[in-house]
file model34.pdb (PDB, C-alpha atoms)
ATOM      1  CA  SER A   1    -140.404-137.445  76.277
ATOM      2  CA  PRO A   2    -138.630-140.734  77.086
ATOM      3  CA  GLN A   3    -141.279-142.661  75.152
ATOM      4  CA  ALA A   4    -140.642-140.647  71.982
ATOM      5  CA  VAL A   5    -136.878-141.083  72.390
ATOM      6  CA  GLY A   6    -137.326-144.851  72.728
ATOM      7  CA  TYR A   7    -139.457-145.093  69.591
ATOM      8  CA  ALA A   8    -136.998-142.960  67.621
ATOM      9  CA  PHE A   9    -133.944-144.979  68.623
ATOM     10  CA  GLY A  10    -135.850-148.221  68.004
ATOM     11  CA  ALA A  11    -136.725-147.191  64.452
ATOM     12  CA  VAL A  12    -133.151-146.048  63.787
ATOM     13  CA  ALA A  13    -131.718-149.286  65.175
ATOM     14  CA  MET A  14    -134.078-151.391  63.065
ATOM     15  CA  ALA A  15    -133.151-149.537  59.877
ATOM     16  CA  GLY A  16    -129.418-149.749  60.608
ATOM     17  CA  VAL A  17    -129.453-153.445  61.552
ATOM     18  CA  VAL A  18    -131.460-154.560  58.516
ATOM     19  CA  SER A  19    -129.468-152.539  55.990
ATOM     20  CA  GLY A  20    -126.060-153.282  57.517
ATOM     21  CA  SER A  21    -126.740-157.025  57.733
ATOM     22  CA  PHE A  22    -127.308-157.144  53.969
ATOM     23  CA  ILE A  23    -124.881-154.577  52.567
ATOM     24  CA  MET A  24    -121.687-155.407  54.468
ATOM     25  CA  PRO A  25    -121.667-159.157  53.631
ATOM     26  CA  LEU A  26    -122.338-158.275  49.988
ATOM     27  CA  LEU A  27    -119.361-155.918  50.008
ATOM     28  CA  ALA A  28    -117.133-158.607  51.532
ATOM     29  CA  ASP A  29    -118.332-161.142  48.962
ATOM     30  CA  ARG A  30    -117.565-158.695  46.164
ATOM     31  CA  LEU A  31    -114.009-158.267  47.441
ATOM     32  CA  LEU A  32    -113.523-162.038  47.713
ATOM     33  CA  LYS A  33    -114.715-162.582  44.147
ATOM     34  CA  SER A  34    -112.426-159.833  42.867
ATOM     35  CA  GLY A  35    -109.390-161.761  44.090
ATOM     36  CA  ARG A  36    -108.794-160.215  47.509
ATOM     37  CA  ARG A  37    -108.329-163.164  49.843
ATOM     38  CA  ASP A  38    -108.496-160.854  52.857
ATOM     39  CA  GLY A  39    -111.615-159.064  51.657
ATOM     40  CA  LEU A  40    -113.655-160.344  54.577
ATOM     41  CA  VAL A  41    -111.143-159.114  57.150
ATOM     42  CA  LEU A  42    -110.717-155.761  55.396
ATOM     43  CA  THR A  43    -114.459-155.174  55.483
ATOM     44  CA  ALA A  44    -114.543-156.070  59.171
ATOM     45  CA  LEU A  45    -111.654-153.678  59.916
ATOM     46  CA  ALA A  46    -113.465-150.875  58.116
ATOM     47  CA  CYS A  47    -116.599-151.635  60.138
ATOM     48  CA  ILE A  48    -114.658-151.417  63.402
ATOM     49  CA  VAL A  49    -113.120-148.063  62.518
ATOM     50  CA  LEU A  50    -116.450-146.597  61.425
ATOM     51  CA  THR A  51    -118.288-147.986  64.453
ATOM     52  CA  VAL A  52    -115.845-146.424  66.934
ATOM     53  CA  ALA A  53    -115.744-143.155  65.022
ATOM     54  CA  LEU A  54    -119.566-142.910  64.932
ATOM     55  CA  TYR A  55    -120.555-144.247  68.333
ATOM     56  CA  ILE A  56    -118.355-141.882  70.349
ATOM     57  CA  PRO A  57    -120.048-138.744  68.888
ATOM     58  CA  ALA A  58    -123.432-140.441  69.231
ATOM     59  CA  PHE A  59    -122.899-140.987  72.971
ATOM     60  CA  THR A  60    -121.557-137.491  73.604
ATOM     61  CA  ALA A  61    -123.688-135.463  71.160
ATOM     62  CA  PRO A  62    -125.204-132.276  72.656
ATOM     63  CA  SER A  63    -128.501-132.589  70.755
ATOM     64  CA  PHE A  64    -130.955-135.415  70.237
ATOM     65  CA  GLU A  65    -131.088-135.075  66.444
ATOM     66  CA  ARG A  66    -127.318-135.274  66.085
ATOM     67  CA  ALA A  67    -127.114-138.292  68.369
ATOM     68  CA  LEU A  68    -129.860-139.987  66.360
ATOM     69  CA  ALA A  69    -128.030-139.388  63.060
ATOM     70  CA  PHE A  70    -124.739-140.782  64.382
ATOM     71  CA  ALA A  71    -126.527-143.758  65.932
ATOM     72  CA  LEU A  72    -128.113-144.666  62.587
ATOM     73  CA  PHE A  73    -124.792-145.075  60.774
ATOM     74  CA  ALA A  74    -123.076-146.608  63.823
ATOM     75  CA  THR A  75    -125.766-149.284  64.083
ATOM     76  CA  PHE A  76    -125.365-149.922  60.348
ATOM     77  CA  THR A  77    -121.638-150.694  60.651
ATOM     78  CA  LEU A  78    -122.018-152.628  63.911
ATOM     79  CA  ALA A  79    -124.675-154.916  62.414
ATOM     80  CA  GLY A  80    -122.427-155.545  59.419
ATOM     81  CA  LEU A  81    -119.535-156.442  61.726
ATOM     82  CA  SER A  82    -121.708-158.950  63.577
ATOM     83  CA  GLN A  83    -122.761-160.638  60.350
ATOM     84  CA  LEU A  84    -119.180-160.753  59.070
ATOM     85  CA  SER A  85    -118.051-162.663  62.157
ATOM     86  CA  SER A  86    -120.732-165.294  61.580
ATOM     87  CA  LEU A  87    -119.794-165.442  57.889
ATOM     88  CA  ALA A  88    -116.121-165.978  58.742
ATOM     89  CA  VAL A  89    -117.027-168.980  60.903
ATOM     90  CA  GLN A  90    -118.911-170.533  57.986
ATOM     91  CA  LEU A  91    -116.048-169.953  55.544
ATOM     92  CA  ILE A  92    -113.036-171.121  57.563
ATOM     93  CA  THR A  93    -114.628-173.971  59.520
ATOM     94  CA  PRO A  94    -115.169-177.505  58.148
ATOM     95  CA  ALA A  95    -118.742-178.669  57.749
ATOM     96  CA  ARG A  96    -118.498-181.093  60.664
ATOM     97  CA  LEU A  97    -117.493-178.286  63.076
ATOM     98  CA  ARG A  98    -119.617-175.358  61.916
ATOM     99  CA  GLY A  99    -122.353-175.925  64.452
ATOM    100  CA  LEU A 100    -119.818-176.184  67.298
ATOM    101  CA  PHE A 101    -117.969-173.025  66.342
ATOM    102  CA  THR A 102    -121.189-171.071  65.798
ATOM    103  CA  ALA A 103    -122.336-172.066  69.288
ATOM    104  CA  VAL A 104    -118.972-171.013  70.759
ATOM    105  CA  LEU A 105    -119.162-167.657  68.962
ATOM    106  CA  LEU A 106    -122.680-166.962  70.214
ATOM    107  CA  PHE A 107    -121.736-168.037  73.739
ATOM    108  CA  ILE A 108    -118.742-165.691  73.885
ATOM    109  CA  SER A 109    -120.726-162.823  72.353
ATOM    110  CA  ASN A 110    -123.540-163.200  74.860
ATOM    111  CA  ILE A 111    -121.242-163.606  77.869
ATOM    112  CA  LEU A 112    -118.917-160.701  77.050
ATOM    113  CA  GLY A 113    -121.344-158.415  75.249
ATOM    114  CA  LEU A 114    -124.663-158.863  77.032
ATOM    115  CA  GLY A 115    -123.349-160.084  80.363
ATOM    116  CA  LEU A 116    -120.107-158.232  81.066
ATOM    117  CA  GLY A 117    -120.733-155.091  78.979
ATOM    118  CA  PRO A 118    -123.540-153.481  81.006
ATOM    119  CA  SER A 119    -121.691-154.192  84.256
ATOM    120  CA  VAL A 120    -118.532-152.476  82.990
ATOM    121  CA  VAL A 121    -120.532-149.458  81.778
ATOM    122  CA  ALA A 122    -122.222-149.143  85.166
ATOM    123  CA  ALA A 123    -118.871-149.379  86.965
ATOM    124  CA  ILE A 124    -117.324-146.664  84.765
ATOM    125  CA  SER A 125    -120.368-144.437  85.232
ATOM    126  CA  ASP A 126    -120.196-144.779  89.027
ATOM    127  CA  ALA A 127    -116.482-143.961  88.971
ATOM    128  CA  LEU A 128    -117.056-140.651  87.159
ATOM    129  CA  PRO A 129    -117.718-137.516  89.232
ATOM    130  CA  ASP A 130    -121.310-136.908  88.100
ATOM    131  CA  GLY A 131    -122.407-140.521  88.596
ATOM    132  CA  PRO A 132    -125.366-141.850  86.583
ATOM    133  CA  ALA A 133    -125.661-138.580  84.657
ATOM    134  CA  THR A 134    -122.480-139.486  82.741
ATOM    135  CA  LEU A 135    -123.829-142.713  81.228
ATOM    136  CA  GLY A 136    -123.098-141.506  77.689
ATOM    137  CA  GLN A 137    -119.513-140.701  78.619
ATOM    138  CA  ALA A 138    -119.112-144.169  80.133
ATOM    139  CA  LEU A 139    -120.329-145.758  76.891
ATOM    140  CA  ALA A 140    -117.930-143.575  74.896
ATOM    141  CA  ILE A 141    -114.985-144.561  77.134
ATOM    142  CA  LEU A 142    -115.764-148.260  76.789
ATOM    143  CA  THR A 143    -116.079-147.910  73.002
ATOM    144  CA  ALA A 144    -112.745-146.057  72.817
ATOM    145  CA  VAL A 145    -111.019-148.850  74.776
ATOM    146  CA  VAL A 146    -112.590-151.952  73.220
ATOM    147  CA  GLY A 147    -112.530-150.678  69.619
ATOM    148  CA  PRO A 148    -108.726-150.421  69.184
ATOM    149  CA  VAL A 149    -108.176-153.751  70.954
ATOM    150  CA  THR A 150    -110.614-155.458  68.581
ATOM    151  CA  PHE A 151    -108.944-153.773  65.618
ATOM    152  CA  LEU A 152    -105.483-155.055  66.608
ATOM    153  CA  LEU A 153    -106.731-158.593  67.224
ATOM    154  CA  LEU A 154    -108.492-158.706  63.874
ATOM    155  CA  LEU A 155    -105.445-157.264  62.157
ATOM    156  CA  GLN A 156    -103.355-160.150  63.497
ATOM    157  CA  ALA A 157    -105.933-162.629  62.153
ATOM    158  CA  ARG A 158    -105.935-161.105  58.675
ATOM    159  CA  ARG A 159    -103.520-163.522  57.014
ATOM    160  CA  PRO A 160    -104.605-166.732  58.831
ATOM    161  CA  VAL A 161    -108.252-166.111  57.951
ATOM    162  CA  ALA A 162    -107.359-165.467  54.301
ATOM    163  CA  ASP A 163    -105.282-168.666  54.118
ATOM    164  CA  ALA A 164    -108.042-170.688  55.767
ATOM    165  CA  ILE A 165    -110.612-169.404  53.258
ATOM    166  CA  VAL A 166    -108.376-170.393  50.340
ATOM    167  CA  MET A 167    -107.722-173.855  51.784
ATOM    168  CA  THR A 168    -111.410-174.451  52.416
ATOM    169  CA  GLN A 169    -112.368-173.439  48.891
ATOM    170  CA  ALA A 170    -109.641-175.708  47.497
ATOM    171  CA  GLY A 171    -111.117-178.702  49.336
ATOM    172  CA  ARG A 172    -108.103-179.322  51.547
ATOM    173  CA  LYS A 173    -107.920-179.615  55.295
ATOM    174  CA  THR A 174    -108.278-176.342  57.157
ATOM    175  CA  ILE A 175    -106.110-174.933  59.892
ATOM    176  CA  THR A 176    -108.949-175.279  62.382
ATOM    177  CA  LEU A 177    -109.515-178.985  61.750
ATOM    178  CA  ALA A 178    -105.785-179.724  61.766
ATOM    179  CA  CYS A 179    -105.285-177.947  65.091
ATOM    180  CA  PHE A 180    -108.214-179.728  66.676
ATOM    181  CA  ARG A 181    -107.012-183.106  65.435
ATOM    182  CA  GLN A 182    -103.503-182.501  66.748
ATOM    183  CA  SER A 183    -104.891-181.507  70.141
ATOM    184  CA  GLY A 184    -106.930-184.709  70.321
ATOM    185  CA  LEU A 185    -110.322-182.990  70.616
ATOM    186  CA  ILE A 186    -111.645-184.751  67.529
ATOM    187  CA  GLY A 187    -110.759-187.935  65.727
ATOM    188  CA  GLY A 188    -110.801-189.091  62.150
ATOM    189  CA  THR A 189    -108.819-187.811  59.240
ATOM    190  CA  ALA A 190    -107.824-184.183  58.816
ATOM    191  CA  GLN A 191    -109.101-184.086  55.272
ATOM    192  CA  HIS A 192    -111.933-181.695  54.542
ATOM    193  CA  PRO A 193    -115.247-183.605  54.493
ATOM    194  CA  ASP A 194    -116.304-181.948  51.252
ATOM    195  CA  ALA A 195    -113.154-183.040  49.443
ATOM    196  CA  ARG A 196    -113.162-185.943  47.060
ATOM    197  CA  HIS A 197    -111.635-189.222  48.091
ATOM    198  CA  ASP A 198    -108.307-190.236  46.703
ATOM    199  CA  ARG A 199    -108.691-192.085  43.440
ATOM    200  CA  HIS A 200    -105.541-194.123  44.087
ATOM    201  CA  PRO A 201    -105.759-195.369  47.673
ATOM    202  CA  ARG A 202    -102.772-196.972  49.285
ATOM    203  CA  PRO A 203    -102.787-200.796  49.205
ATOM    204  CA  THR A 204    -103.743-202.399  52.461
ATOM    205  CA  ARG A 205    -101.176-204.569  54.184
ATOM    206  CA  ARG A 206    -101.951-208.254  53.964
ATOM    207  CA  ARG A 207    -102.247-210.307  57.082
ATOM    208  CA  GLN A 208     -99.139-212.320  57.740
ATOM    209  CA  SER A 209     -99.546-216.055  58.037
ATOM    210  CA  ALA A 210     -98.182-218.057  60.955
ATOM    211  CA  LEU A 211     -96.668-220.721  58.649
ATOM    212  CA  PRO A 212     -93.040-220.479  57.507
ATOM    213  CA  ARG A 213     -92.253-219.183  54.047
ATOM    214  CA  HIS A 214     -90.797-222.465  52.751
ATOM    215  CA  VAL A 215     -94.035-224.217  53.656
ATOM    216  CA  LEU A 216     -96.079-221.602  51.861
ATOM    217  CA  ARG A 217     -93.876-221.746  48.782
ATOM    218  CA  ARG A 218     -93.835-225.589  48.619
ATOM    219  CA  PRO A 219     -96.014-226.743  45.700
ATOM    220  CA  ASP A 220     -98.806-229.171  46.284
ATOM    221  CA  ARG A 221     -97.686-232.502  44.785
ATOM    222  CA  ARG A 222    -101.140-233.918  44.572
ATOM    223  CA  ARG A 223    -102.262-230.868  42.668
ATOM    224  CA  HIS A 224     -99.360-230.885  40.196
ATOM    225  CA  ALA A 225     -99.101-234.696  39.757
ATOM    226  CA  PRO A 226     -99.561-235.939  36.148
ATOM    227  CA  ARG A 227    -102.916-237.460  35.409
ATOM    228  CA  ALA A 228    -103.197-241.146  34.332
ATOM    229  CA  ARG A 229    -104.014-241.581  30.667
ATOM    230  CA  LEU A 230    -105.635-244.598  29.057
ATOM    231  CA  HIS A 231    -103.684-245.773  25.972
ATOM    232  CA  PRO A 232    -105.917-247.259  23.264
ATOM    233  CA  ARG A 233    -103.655-250.374  22.815
ATOM    234  CA  ARG A 234    -101.499-250.725  25.911
ATOM    235  CA  GLY A 235    -104.175-249.904  28.457
ATOM    236  CA  LEU A 236    -103.547-247.709  31.487
ATOM    237  CA  ARG A 237    -100.314-245.714  31.207
TER     238      ARG A 237
END
call {"tool": "encode", "arguments": {"input": "model34.pdb", "output": "structure tokens"}}
result
Amino acid sequence: SPQAVGYAFGAVAMAGVVSGSFIMPLLADRLLKSGRRDGLVLTALACIVLTVALYIPAFTAPSFERALAFALFATFTLAGLSQLSSLAVQLITPARLRGLFTAVLLFISNILGLGLGPSVVAAISDALPDGPATLGQALAILTAVVGPVTFLLLLQARRPVADAIVMTQAGRKTITLACFRQSGLIGGTAQHPDARHDRHPRPTRRRQSALPRHVLRRPDRRRHAPRARLHPRRGLR
């Protein structure tokens, strides 16, 4: 019955989301600690490949049990990919911009994923010959198109993300903060807020006086005049 199918997929989705949200970030953290600067991006690339490879059979499986098994592992990798994107924002973004970038990430995810995704699936399903009966095929087509595009975009960001993580851990300015400061969106210094201040600051420039230099260099005669001394026999000298 549809009610039993809903309960089954709900339980599978809950198990996959909870386990994937914990295991995939731990795997990425293990790679980062082992010396792989691109460990976070490598884990995300593996999640994309596994998600596409598992969701397509899940949407086109001939039996309910097989679709449920593929959906379990696909939800596991997809949940890990979602958590890795949030983790990347925390690692490569300065502390003063983390809230802004997290809000931008959630906004784009909700607009493209929850807003545009169902509309595209419905349009693909209506374009197929069988209409609404081919909803699973429409989901598989969308997954096959979006998955490779996401993989290529993340592959291009592999080195910049790794460099930004190293710069953030070293306490220097990040690429994100430098780009925003050059564009004029934010002010202040480009130094990372968590970095220590320079122990040897540059000397500040003194304010120039309006008087000429020879007047400033002229000694005060009243100040340097010899003091009168009282001689014990001759009096004032």
call {"tool": "atom_distance", "arguments": {"input": "model34.pdb", "atom1": "atom CA of Leu78 of chain A", "atom2": "atom CA of Leu50 of chain A"}}
result
8.6 Å
call {"tool": "atom_distance", "arguments": {"input": "model34.pdb", "atom1": "atom CA of Gly80 of chain A", "atom2": "atom CA of Val120 of chain A"}}
result
24.1 Å
call {"tool": "atom_distance", "arguments": {"input": "model34.pdb", "atom1": "atom CA of Arg37 of chain A", "atom2": "atom CA of Ala162 of chain A"}}
result
5.1 Å
call {"tool": "resolve_selection", "arguments": {"input": "model34.pdb", "expression": "the PyMOL selection byres ((chain A and resi 160) around 12)", "output": "PyMOL selection string"}}
result
chain A and resi 37-38+40-41+88+92+153-159+161-167+174-176
call {"tool": "write_last_selection", "arguments": {"input": "model34.pdb", "atoms": "C-alpha atoms", "output": "compact mmCIF listing (two decimals), in the coordinates of the input"}}
result
# COMPACT_ATOMS: atom_id res chain seq x y z
CA ARG A 37 -108.33 -163.16 49.84
CA ASP A 38 -108.50 -160.85 52.86
CA LEU A 40 -113.66 -160.34 54.58
CA VAL A 41 -111.14 -159.11 57.15
CA ALA A 88 -116.12 -165.98 58.74
CA ILE A 92 -113.04 -171.12 57.56
CA LEU A 153 -106.73 -158.59 67.22
CA LEU A 154 -108.49 -158.71 63.87
CA LEU A 155 -105.44 -157.26 62.16
CA GLN A 156 -103.36 -160.15 63.50
CA ALA A 157 -105.93 -162.63 62.15
CA ARG A 158 -105.94 -161.10 58.68
CA ARG A 159 -103.52 -163.52 57.01
CA VAL A 161 -108.25 -166.11 57.95
CA ALA A 162 -107.36 -165.47 54.30
CA ASP A 163 -105.28 -168.67 54.12
CA ALA A 164 -108.04 -170.69 55.77
CA ILE A 165 -110.61 -169.40 53.26
CA VAL A 166 -108.38 -170.39 50.34
CA MET A 167 -107.72 -173.86 51.78
CA THR A 174 -108.28 -176.34 57.16
CA ILE A 175 -106.11 -174.93 59.89
CA THR A 176 -108.95 -175.28 62.38
call {"tool": "resolve_selection", "arguments": {"input": "model34.pdb", "expression": "the PyMOL selection byres ((chain A and resi 147) around 12)", "output": "list in words"}}
result
Ala44, Leu45, Ala46, Cys47, Ile48, Val49, Leu50, Thr51, Val52, Ala53, Leu54, Tyr55, Ile56, Leu78, Leu139, Ala140, Ile141, Leu142, Thr143, Ala144, Val145, Val146, Pro148, Val149, Thr150, Phe151, Leu152, Leu153 and Leu154 of chain A
call {"tool": "closest_residue", "arguments": {"input": "model34.pdb", "among": "A:Pro57, A:Thr77, A:Gln90, A:Ala69", "to": "Val18 of chain A", "atoms": "only C-alpha atoms"}}
result
A:Thr77
call {"tool": "residues_around", "arguments": {"input": "model34.pdb", "residues": "segment 9-17 of chain A", "least_positions_apart": "5", "cutoff": "12 Å", "atoms": "all atoms listed in the file", "output": "PyMOL selection string"}}
result
chain A and resi 2-4+22-24+51+58+64-65+67-83
call {"tool": "residues_around", "arguments": {"input": "model34.pdb", "residues": "Val89 of chain A", "least_positions_apart": "4", "cutoff": "8 Å", "atoms": "all atoms listed in the file", "output": "tab-separated table (two decimals) with C-alpha atoms, keeping the file's coordinate frame"}}
result
chain	number	residue	atom	x	y	z
A	85	SER	CA	-118.05	-162.66	62.16
A	93	THR	CA	-114.63	-173.97	59.52
A	98	ARG	CA	-119.62	-175.36	61.92
A	101	PHE	CA	-117.97	-173.02	66.34
A	102	THR	CA	-121.19	-171.07	65.80
